[in-house]
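Asks: I have a structure I would like to understand better, so I am pasting it below and will then ask my questions one at a time.
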Amino acid sequence: MEALFVWLNGVIWSKALIALCLGAGLWFSFRTRFMQVRGLVEMTRLTFSGQSSEAGVSSFQALALSMAGRIGIGNIAGVATAIYYGGPGAIFWMWVMGFLGASTSYIESTLAQIYKEKDAEGRYRGGPAYYIEKAMGLKWYALAFAFATLVAAGLLMPGVQANAIADSIVNACRGGLCGSLEGQWLGMPALTAFKLGIGLAVSALLAVIIFGGVRRIATFAEVVVPFMAVGYILMAIVVMVVNYDFVPEMFRIIFSSAFGMHAGFGAMLGLAVEWGVKRGIYANEAGQGTGPHAAAAAEVSHPAKQGYVQAFAIYFDTMLICTSTAFLILATGMYNVAGPDGTMLQHALPGVEPGSGFPQHGIESVLPGWGAGFVAMALFFFAFTTIMAYYYMAETNLTYLNNHRARPRRVLLLRLGIIGMVVFGAVRTAEMAWTLGDIGVGLMAWLNIVAILIVQKPALLALRDYERQKKLGLDPVFDPDALGIRNAGFWKGRG
């Protein structure tokens, strides 16, 4: 079975998907006239404006909810994995993917706002399944995406996050904080029993949040996400200040190896691009179709407003959080790199697998006694909020599959399923957890990117309309009929 999953992952994550993600980001950047650069000030302003309503959450809450999904294990272990398999140059290609992905995020999030609707309980719902059906008119395609996302977000991807939480806590505890992890506990290997306990604890906390509904999820994300992100960035700054003399060399290694010009990593150009883009997509999720679910929940007067906010989310995720992890690893030299033939080109951490151990050792080398615990805590918050966001995405697509109704028994089964997968993922091997997670991400990315390339026009019309109204000194409001946009029933009569 594992061999089947590995094969399937290789098929989904072929070079075609990598080229599609890069190409889509470049195309949308040109089509939006690089709104991710022109609109940076507007992105920042809109992020902290707006209010919630009975039906929707505020722009900031929607941002926090989407950031909860974006900032996860990919921002720590994913960056370390990219460096291990693609060399330091993979970080440059993660930056490229983040920059281009901001425009992709604008397109998909604006589409989610344009074609959102209220469910039977009066809450805003939207996402790729909704705009695929309404803009493309392909119900079967919409159902395929909804089902793929339900399986990916509800079953496949949570295990990656739970596995990373368990591994990071184990790494923090190996110094003796948790006693011996050798021998037998409760009739099973001690390490397995310890991870099982972690999985049960995380699943219990998750149950408290998700059984409270979308408002509790958004409120929790609004408080926790900014706190955890700022703390992590500050730690990276501290490490860089302490190792300031190595910072110029770190940048030289990143840029030279990104283009195959580094003496040690010169043969890894293709791998740097592949792993940088692959992990970049996993980390910032631009084009994957996850961000639009949260974007649709926002209460705004014009769809482009939330498009701007979600474009800003990509900058925050990739340019700040992923970069912080890269600097923690590279500025301290605490990383391994495997060459194309399997030989070790950089082997500063013998016996340490790519993952949270890289930044943990990086911080330990500068601030002894802090690294393992700090990264474990950061990774817990990152991964936990991501699992929480995954549940929201899965519930939204379950609602779509149920004809926009939240069937209580099916919702209960989903909640129990994702809780069970958290426990299962905590005790699985990291390699298997990543394989399942990659399959889920890849399926969603294929379906969503093809869709937004086909139905991009309404989002582009919305951007031009928003900019036109801003030039007139107005607070933009949206009228789909005036723009010739059909099937945007929610907005009719509101403009």
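Simple scheme: letters A, B, ... for chains in structure tokens order, numbers from 1 for residues in each chain, numbers from 1 for ligands in the order shown.
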Show me, as an MDAnalysis selection string, the residues that have an atom within 9 Å of Met157 in chain A when counting only C-alpha atoms, minus same-chain residues fewer than 4 positions from it.

Replies: chainID A and resid 151:153 161 387 390 421 433:434 436:441

Asks: Let's have the selection written as a CSV table (one decimal), in the first residue's frame, with N, CA and C atoms.

Replies:
chain,number,residue,atom,x,y,z
A,151,VAL,N,-11.6,14.8,1.2
A,151,VAL,CA,-10.7,13.7,1.5
A,151,VAL,C,-9.4,14.2,2.0
A,152,ALA,N,-8.8,15.2,1.2
A,152,ALA,CA,-7.5,15.8,1.5
A,152,ALA,C,-7.5,16.5,2.8
A,153,ALA,N,-8.4,17.5,3.0
A,153,ALA,CA,-8.4,18.3,4.2
A,153,ALA,C,-8.9,17.5,5.4
A,161,GLN,N,0.5,17.3,9.8
A,161,GLN,CA,0.6,18.3,10.9
A,161,GLN,C,0.8,17.6,12.3
A,387,ILE,N,-4.5,22.3,11.2
A,387,ILE,CA,-5.5,21.3,11.3
A,387,ILE,C,-6.9,21.9,11.5
A,390,TYR,N,-8.0,23.2,8.3
A,390,TYR,CA,-8.3,22.0,7.4
A,390,TYR,C,-9.8,21.6,7.7
A,421,MET,N,-7.8,10.9,12.5
A,421,MET,CA,-6.6,11.0,11.6
A,421,MET,C,-5.5,11.8,12.4
A,433,ALA,N,3.5,10.1,6.3
A,433,ALA,CA,2.6,11.2,6.5
A,433,ALA,C,2.8,12.3,5.4
A,434,TRP,N,4.0,12.6,5.1
A,434,TRP,CA,4.3,13.6,4.0
A,434,TRP,C,3.8,13.1,2.7
A,436,LEU,N,1.2,11.1,2.0
A,436,LEU,CA,-0.3,11.3,2.0
A,436,LEU,C,-0.7,12.8,1.9
A,437,GLY,N,0.0,13.6,2.6
A,437,GLY,CA,-0.2,15.1,2.6
A,437,GLY,C,0.0,15.6,1.2
A,438,ASP,N,1.2,15.2,0.6
A,438,ASP,CA,1.5,15.7,-0.8
A,438,ASP,C,0.4,15.3,-1.8
A,439,ILE,N,-0.1,14.1,-1.7
A,439,ILE,CA,-1.2,13.6,-2.6
A,439,ILE,C,-2.4,14.5,-2.5
A,440,GLY,N,-2.8,14.8,-1.2
A,440,GLY,CA,-3.9,15.7,-1.0
A,440,GLY,C,-3.7,17.1,-1.6
A,441,VAL,N,-2.5,17.7,-1.3
A,441,VAL,CA,-2.2,19.0,-1.8
A,441,VAL,C,-2.2,19.0,-3.4

Asks: Residues at most 7 Å from range 244-246 of chain A, counting only C-alpha atoms, excluding those fewer than 4 positions away in the same chain, as a short mmCIF file (atom, residue, chain, number, x, y, z; two decimals) with N, CA and C atoms, in the first residue's frame?

Replies:
data_model
loop_
_atom_site.label_atom_id
_atom_site.label_comp_id
_atom_site.auth_asym_id
_atom_site.auth_seq_id
_atom_site.Cartn_x
_atom_site.Cartn_y
_atom_site.Cartn_z
N MET A 240 19.95 35.73 13.75
CA MET A 240 20.71 36.42 12.72
C MET A 240 21.61 37.51 13.31
N MET A 250 25.46 33.62 3.88
CA MET A 250 24.21 32.88 3.74
C MET A 250 23.46 33.30 2.47
N ALA A 331 21.84 30.35 8.58
CA ALA A 331 22.73 31.28 9.26
C ALA A 331 23.55 30.59 10.35
#

Asks: Excluding Ser365 in chain A and residues on its chain fewer than 4 positions from it, collect all residues at most 9 Å away from it, counting only C-alpha atoms, and give them as a list of chain:residue names.

Replies: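 Neighbouring residues, sequence-local ones excluded: A:Thr332, A:Met334, A:Gln360, A:His361, A:Gly371.
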
Asks: Counting only C-alpha atoms, which residues in range 101-200 of chain A sit no more than 9 Å from range 415-420 of chain A? For each one, give the nearest pair of atoms and the distance in Å, sorted by chain then residue number, as JSON lines.

Replies:
{"residue": "A:Ala153", "atom": "CA", "partner": "A:Ile418", "partner_atom": "CA", "distance": 8.5}
{"residue": "A:Gly154", "atom": "CA", "partner": "A:Ile418", "partner_atom": "CA", "distance": 5.3}
{"residue": "A:Leu155", "atom": "CA", "partner": "A:Ile418", "partner_atom": "CA", "distance": 5.9}
{"residue": "A:Pro158", "atom": "CA", "partner": "A:Ile418", "partner_atom": "CA", "distance": 7.1}
{"residue": "A:Gly159", "atom": "CA", "partner": "A:Ile418", "partner_atom": "CA", "distance": 8.8}
{"residue": "A:Gly199", "atom": "CA", "partner": "A:Gly420", "partner_atom": "CA", "distance": 9.0}
{"residue": "A:Leu200", "atom": "CA", "partner": "A:Ile419", "partner_atom": "CA", "distance": 8.6}

Asks: Name the residues of range 45-261 of chain A that come out as helix (DSSP H, G or I) in a backbone DSSP run; write them as a PDB file with C-alpha atoms, in the first residue's frame.

Replies:
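So selection_24.pdb came out as:
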ATOM      1  CA  ARG A  45      -4.771  48.896   4.855  1.00  0.00           C
ATOM      2  CA  LEU A  46      -7.535  46.440   4.032  1.00  0.00           C
ATOM      3  CA  THR A  47      -6.077  43.721   6.245  1.00  0.00           C
ATOM      4  CA  SER A  59     -11.357  40.690   6.830  1.00  0.00           C
ATOM      5  CA  PHE A  60      -8.732  40.206   9.531  1.00  0.00           C
ATOM      6  CA  GLN A  61     -10.492  37.141  10.928  1.00  0.00           C
ATOM      7  CA  ALA A  62     -10.713  35.695   7.419  1.00  0.00           C
ATOM      8  CA  LEU A  63      -7.013  36.460   6.953  1.00  0.00           C
ATOM      9  CA  ALA A  64      -6.186  34.801  10.273  1.00  0.00           C
ATOM     10  CA  LEU A  65      -8.263  31.772   9.339  1.00  0.00           C
ATOM     11  CA  SER A  66      -6.538  31.451   5.962  1.00  0.00           C
ATOM     12  CA  MET A  67      -3.148  32.068   7.594  1.00  0.00           C
ATOM     13  CA  ALA A  68      -3.946  29.301  10.066  1.00  0.00           C
ATOM     14  CA  GLY A  69      -4.159  27.013   7.053  1.00  0.00           C
ATOM     15  CA  ARG A  70      -1.072  28.432   5.350  1.00  0.00           C
ATOM     16  CA  ILE A  73       4.438  22.295   9.136  1.00  0.00           C
ATOM     17  CA  GLY A  74       5.394  23.407   5.625  1.00  0.00           C
ATOM     18  CA  ASN A  75       6.857  26.578   7.105  1.00  0.00           C
ATOM     19  CA  ALA A  77       9.757  21.028   8.325  1.00  0.00           C
ATOM     20  CA  GLY A  78       8.841  21.820   4.720  1.00  0.00           C
ATOM     21  CA  VAL A  79      11.591  24.421   4.450  1.00  0.00           C
ATOM     22  CA  ALA A  80      14.095  22.013   6.004  1.00  0.00           C
ATOM     23  CA  THR A  81      13.044  19.295   3.550  1.00  0.00           C
ATOM     24  CA  ALA A  82      13.461  21.685   0.616  1.00  0.00           C
ATOM     25  CA  ILE A  83      16.999  22.513   1.756  1.00  0.00           C
ATOM     26  CA  TYR A  84      17.852  18.847   2.264  1.00  0.00           C
ATOM     27  CA  TYR A  85      16.731  17.707  -1.183  1.00  0.00           C
ATOM     28  CA  GLY A  86      17.169  20.915  -3.187  1.00  0.00           C
ATOM     29  CA  ALA A  90      15.520  26.022  -2.996  1.00  0.00           C
ATOM     30  CA  ILE A  91      14.826  28.983  -0.708  1.00  0.00           C
ATOM     31  CA  PHE A  92      15.174  31.423  -3.610  1.00  0.00           C
ATOM     32  CA  TRP A  93      12.613  29.459  -5.612  1.00  0.00           C
ATOM     33  CA  MET A  94      10.290  29.444  -2.609  1.00  0.00           C
ATOM     34  CA  TRP A  95      10.545  33.263  -2.675  1.00  0.00           C
ATOM     35  CA  VAL A  96       9.767  33.268  -6.395  1.00  0.00           C
ATOM     36  CA  MET A  97       6.758  31.037  -5.790  1.00  0.00           C
ATOM     37  CA  GLY A  98       5.597  33.336  -2.989  1.00  0.00           C
ATOM     38  CA  PHE A  99       5.919  36.482  -5.113  1.00  0.00           C
ATOM     39  CA  LEU A 100       4.114  34.995  -8.092  1.00  0.00           C
ATOM     40  CA  GLY A 101       1.668  33.148  -5.871  1.00  0.00           C
ATOM     41  CA  ALA A 102       0.357  36.417  -4.402  1.00  0.00           C
ATOM     42  CA  SER A 103      -1.372  37.184  -7.708  1.00  0.00           C
ATOM     43  CA  THR A 104      -2.720  33.631  -7.893  1.00  0.00           C
ATOM     44  CA  SER A 105      -4.122  34.034  -4.394  1.00  0.00           C
ATOM     45  CA  TYR A 106      -5.815  37.276  -5.429  1.00  0.00           C
ATOM     46  CA  ILE A 107      -7.562  35.558  -8.360  1.00  0.00           C
ATOM     47  CA  GLU A 108      -8.855  32.530  -6.468  1.00  0.00           C
ATOM     48  CA  SER A 109      -9.892  34.488  -3.363  1.00  0.00           C
ATOM     49  CA  THR A 110     -11.737  37.158  -5.360  1.00  0.00           C
ATOM     50  CA  LEU A 111     -13.552  34.447  -7.303  1.00  0.00           C
ATOM     51  CA  ALA A 112     -14.557  32.873  -3.991  1.00  0.00           C
ATOM     52  CA  GLN A 113     -16.068  36.197  -2.876  1.00  0.00           C
ATOM     53  CA  ILE A 114     -17.862  36.830  -6.181  1.00  0.00           C
ATOM     54  CA  PRO A 128     -13.406  26.517  -5.643  1.00  0.00           C
ATOM     55  CA  ALA A 129     -16.373  24.141  -5.789  1.00  0.00           C
ATOM     56  CA  TYR A 130     -18.741  27.115  -5.779  1.00  0.00           C
ATOM     57  CA  TYR A 131     -16.976  29.155  -8.462  1.00  0.00           C
ATOM     58  CA  ILE A 132     -16.313  26.098 -10.616  1.00  0.00           C
ATOM     59  CA  GLU A 133     -20.049  25.363 -10.710  1.00  0.00           C
ATOM     60  CA  LYS A 134     -21.227  28.949 -11.186  1.00  0.00           C
ATOM     61  CA  ALA A 135     -18.511  30.348 -13.463  1.00  0.00           C
ATOM     62  CA  MET A 136     -17.700  27.222 -15.487  1.00  0.00           C
ATOM     63  CA  LYS A 139     -21.258  20.582 -11.781  1.00  0.00           C
ATOM     64  CA  TRP A 140     -19.285  17.335 -12.090  1.00  0.00           C
ATOM     65  CA  TYR A 141     -16.001  19.247 -11.903  1.00  0.00           C
ATOM     66  CA  ALA A 142     -17.218  21.126  -8.834  1.00  0.00           C
ATOM     67  CA  LEU A 143     -18.245  17.864  -7.184  1.00  0.00           C
ATOM     68  CA  ALA A 144     -14.832  16.363  -7.987  1.00  0.00           C
ATOM     69  CA  PHE A 145     -13.041  19.259  -6.303  1.00  0.00           C
ATOM     70  CA  ALA A 146     -15.366  19.201  -3.291  1.00  0.00           C
ATOM     71  CA  PHE A 147     -14.845  15.461  -2.826  1.00  0.00           C
ATOM     72  CA  ALA A 148     -11.062  15.726  -3.309  1.00  0.00           C
ATOM     73  CA  THR A 149     -10.864  18.530  -0.738  1.00  0.00           C
ATOM     74  CA  LEU A 150     -13.069  16.682   1.717  1.00  0.00           C
ATOM     75  CA  VAL A 151     -10.723  13.681   1.538  1.00  0.00           C
ATOM     76  CA  ALA A 152      -7.516  15.753   1.468  1.00  0.00           C
ATOM     77  CA  ALA A 153      -8.358  18.275   4.196  1.00  0.00           C
ATOM     78  CA  GLY A 154     -10.397  15.890   6.306  1.00  0.00           C
ATOM     79  CA  LEU A 155      -8.247  12.762   6.100  1.00  0.00           C
ATOM     80  CA  LEU A 156      -4.884  13.086   4.323  1.00  0.00           C
ATOM     81  CA  PRO A 158      -4.075  16.562   9.071  1.00  0.00           C
ATOM     82  CA  GLY A 159      -1.784  13.579   9.633  1.00  0.00           C
ATOM     83  CA  VAL A 160       1.241  15.537   8.377  1.00  0.00           C
ATOM     84  CA  GLN A 161       0.646  18.274  10.927  1.00  0.00           C
ATOM     85  CA  ALA A 162      -0.014  15.845  13.782  1.00  0.00           C
ATOM     86  CA  ASN A 163       3.085  13.822  12.921  1.00  0.00           C
ATOM     87  CA  ALA A 164       5.218  16.961  12.988  1.00  0.00           C
ATOM     88  CA  ILE A 165       3.820  17.975  16.390  1.00  0.00           C
ATOM     89  CA  ALA A 166       4.639  14.564  17.823  1.00  0.00           C
ATOM     90  CA  ASP A 167       8.151  14.456  16.322  1.00  0.00           C
ATOM     91  CA  SER A 168       9.035  17.969  17.510  1.00  0.00           C
ATOM     92  CA  ILE A 169       7.887  17.191  21.072  1.00  0.00           C
ATOM     93  CA  VAL A 170       9.871  13.942  21.001  1.00  0.00           C
ATOM     94  CA  ASN A 171      12.961  15.890  19.881  1.00  0.00           C
ATOM     95  CA  ALA A 172      12.442  18.373  22.701  1.00  0.00           C
ATOM     96  CA  CYS A 173      12.035  15.567  25.220  1.00  0.00           C
ATOM     97  CA  ALA A 190       7.551   3.601  24.757  1.00  0.00           C
ATOM     98  CA  LEU A 191       8.099   5.956  21.821  1.00  0.00           C
ATOM     99  CA  THR A 192       4.871   4.812  20.140  1.00  0.00           C
ATOM    100  CA  ALA A 193       2.928   5.155  23.394  1.00  0.00           C
ATOM    101  CA  PHE A 194       4.333   8.653  23.924  1.00  0.00           C
ATOM    102  CA  LYS A 195       3.338   9.748  20.416  1.00  0.00           C
ATOM    103  CA  LEU A 196      -0.095   8.195  20.882  1.00  0.00           C
ATOM    104  CA  GLY A 197      -0.534  10.271  24.033  1.00  0.00           C
ATOM    105  CA  ILE A 198       0.429  13.416  22.131  1.00  0.00           C
ATOM    106  CA  GLY A 199      -2.056  12.564  19.387  1.00  0.00           C
ATOM    107  CA  LEU A 200      -4.853  12.046  21.915  1.00  0.00           C
ATOM    108  CA  ALA A 201      -4.077  15.346  23.666  1.00  0.00           C
ATOM    109  CA  VAL A 202      -4.007  17.309  20.391  1.00  0.00           C
ATOM    110  CA  SER A 203      -7.221  15.670  19.188  1.00  0.00           C
ATOM    111  CA  ALA A 204      -8.986  16.558  22.461  1.00  0.00           C
ATOM    112  CA  LEU A 205      -8.014  20.221  22.106  1.00  0.00           C
ATOM    113  CA  LEU A 206      -9.066  20.178  18.459  1.00  0.00           C
ATOM    114  CA  ALA A 207     -12.471  18.798  19.416  1.00  0.00           C
ATOM    115  CA  VAL A 208     -13.064  21.718  21.785  1.00  0.00           C
ATOM    116  CA  ILE A 209     -12.434  24.180  18.938  1.00  0.00           C
ATOM    117  CA  ILE A 210     -14.204  22.545  15.985  1.00  0.00           C
ATOM    118  CA  GLY A 213     -18.290  26.107  14.896  1.00  0.00           C
ATOM    119  CA  VAL A 214     -16.721  28.580  12.472  1.00  0.00           C
ATOM    120  CA  ARG A 215     -16.931  31.588  14.809  1.00  0.00           C
ATOM    121  CA  ARG A 216     -14.913  29.839  17.502  1.00  0.00           C
ATOM    122  CA  ILE A 217     -12.404  28.753  14.859  1.00  0.00           C
ATOM    123  CA  ALA A 218     -12.064  32.319  13.523  1.00  0.00           C
ATOM    124  CA  THR A 219     -11.800  33.841  17.009  1.00  0.00           C
ATOM    125  CA  PHE A 220      -9.131  31.360  18.062  1.00  0.00           C
ATOM    126  CA  ALA A 221      -7.157  31.974  14.851  1.00  0.00           C
ATOM    127  CA  GLU A 222      -7.445  35.761  15.236  1.00  0.00           C
ATOM    128  CA  VAL A 223      -5.682  35.600  18.617  1.00  0.00           C
ATOM    129  CA  VAL A 224      -3.200  32.763  18.148  1.00  0.00           C
ATOM    130  CA  VAL A 225      -1.929  33.238  14.582  1.00  0.00           C
ATOM    131  CA  PRO A 226      -0.427  36.761  14.980  1.00  0.00           C
ATOM    132  CA  PHE A 227       1.068  35.851  18.360  1.00  0.00           C
ATOM    133  CA  MET A 228       2.828  32.705  17.149  1.00  0.00           C
ATOM    134  CA  ALA A 229       4.021  34.287  13.907  1.00  0.00           C
ATOM    135  CA  VAL A 230       5.567  37.376  15.506  1.00  0.00           C
ATOM    136  CA  GLY A 231       7.330  35.296  18.171  1.00  0.00           C
ATOM    137  CA  TYR A 232       8.850  33.021  15.541  1.00  0.00           C
ATOM    138  CA  ILE A 233      10.062  35.934  13.417  1.00  0.00           C
ATOM    139  CA  LEU A 234      11.643  37.597  16.457  1.00  0.00           C
ATOM    140  CA  MET A 235      13.577  34.413  17.259  1.00  0.00           C
ATOM    141  CA  ALA A 236      14.943  34.316  13.693  1.00  0.00           C
ATOM    142  CA  ILE A 237      16.041  37.949  14.037  1.00  0.00           C
ATOM    143  CA  VAL A 238      17.835  37.154  17.299  1.00  0.00           C
ATOM    144  CA  VAL A 239      19.706  34.252  15.683  1.00  0.00           C
ATOM    145  CA  MET A 240      20.712  36.420  12.723  1.00  0.00           C
ATOM    146  CA  VAL A 241      21.933  39.225  14.985  1.00  0.00           C
ATOM    147  CA  VAL A 242      24.066  36.800  16.986  1.00  0.00           C
ATOM    148  CA  TYR A 244      25.591  38.552  11.866  1.00  0.00           C
ATOM    149  CA  ASP A 245      29.030  37.805  10.410  1.00  0.00           C
ATOM    150  CA  PHE A 246      27.656  34.787   8.497  1.00  0.00           C
ATOM    151  CA  VAL A 247      24.573  36.539   7.078  1.00  0.00           C
ATOM    152  CA  PRO A 248      26.250  37.851   3.870  1.00  0.00           C
ATOM    153  CA  GLU A 249      27.648  34.364   3.173  1.00  0.00           C
ATOM    154  CA  MET A 250      24.210  32.876   3.743  1.00  0.00           C
ATOM    155  CA  PHE A 251      22.680  35.082   1.042  1.00  0.00           C
ATOM    156  CA  ARG A 252      25.567  34.298  -1.311  1.00  0.00           C
ATOM    157  CA  ILE A 253      24.956  30.568  -0.891  1.00  0.00           C
ATOM    158  CA  ILE A 254      21.208  30.937  -1.497  1.00  0.00           C
ATOM    159  CA  PHE A 255      21.551  32.949  -4.721  1.00  0.00           C
ATOM    160  CA  SER A 256      24.543  31.110  -6.172  1.00  0.00           C
ATOM    161  CA  SER A 257      23.067  27.658  -5.595  1.00  0.00           C
ATOM    162  CA  ALA A 258      19.644  28.816  -6.881  1.00  0.00           C
TER     163      ALA A 258
END

Asks: Write down as a ChimeraX atom specification the residues of range 303-401 of chain A whose backbone DSSP state falls under strand (DSSP E or B).

Replies: /A:336-338,344-347

Asks: Can you spit out the residues from that selection as a PDB file, in the first residue's frame, using C-alpha atoms?

Replies:
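Generated output (result-v8.pdb):
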ATOM      1  CA  ASN A 336      22.219  18.456   5.768  1.00  0.00           C
ATOM      2  CA  VAL A 337      22.005  18.350   1.967  1.00  0.00           C
ATOM      3  CA  ALA A 338      21.745  15.129  -0.044  1.00  0.00           C
ATOM      4  CA  MET A 344      25.889  14.007   1.456  1.00  0.00           C
ATOM      5  CA  LEU A 345      27.053  17.420   0.231  1.00  0.00           C
ATOM      6  CA  GLN A 346      26.458  19.046   3.621  1.00  0.00           C
ATOM      7  CA  HIS A 347      26.372  16.899   6.727  1.00  0.00           C
TER       8      HIS A 347
END
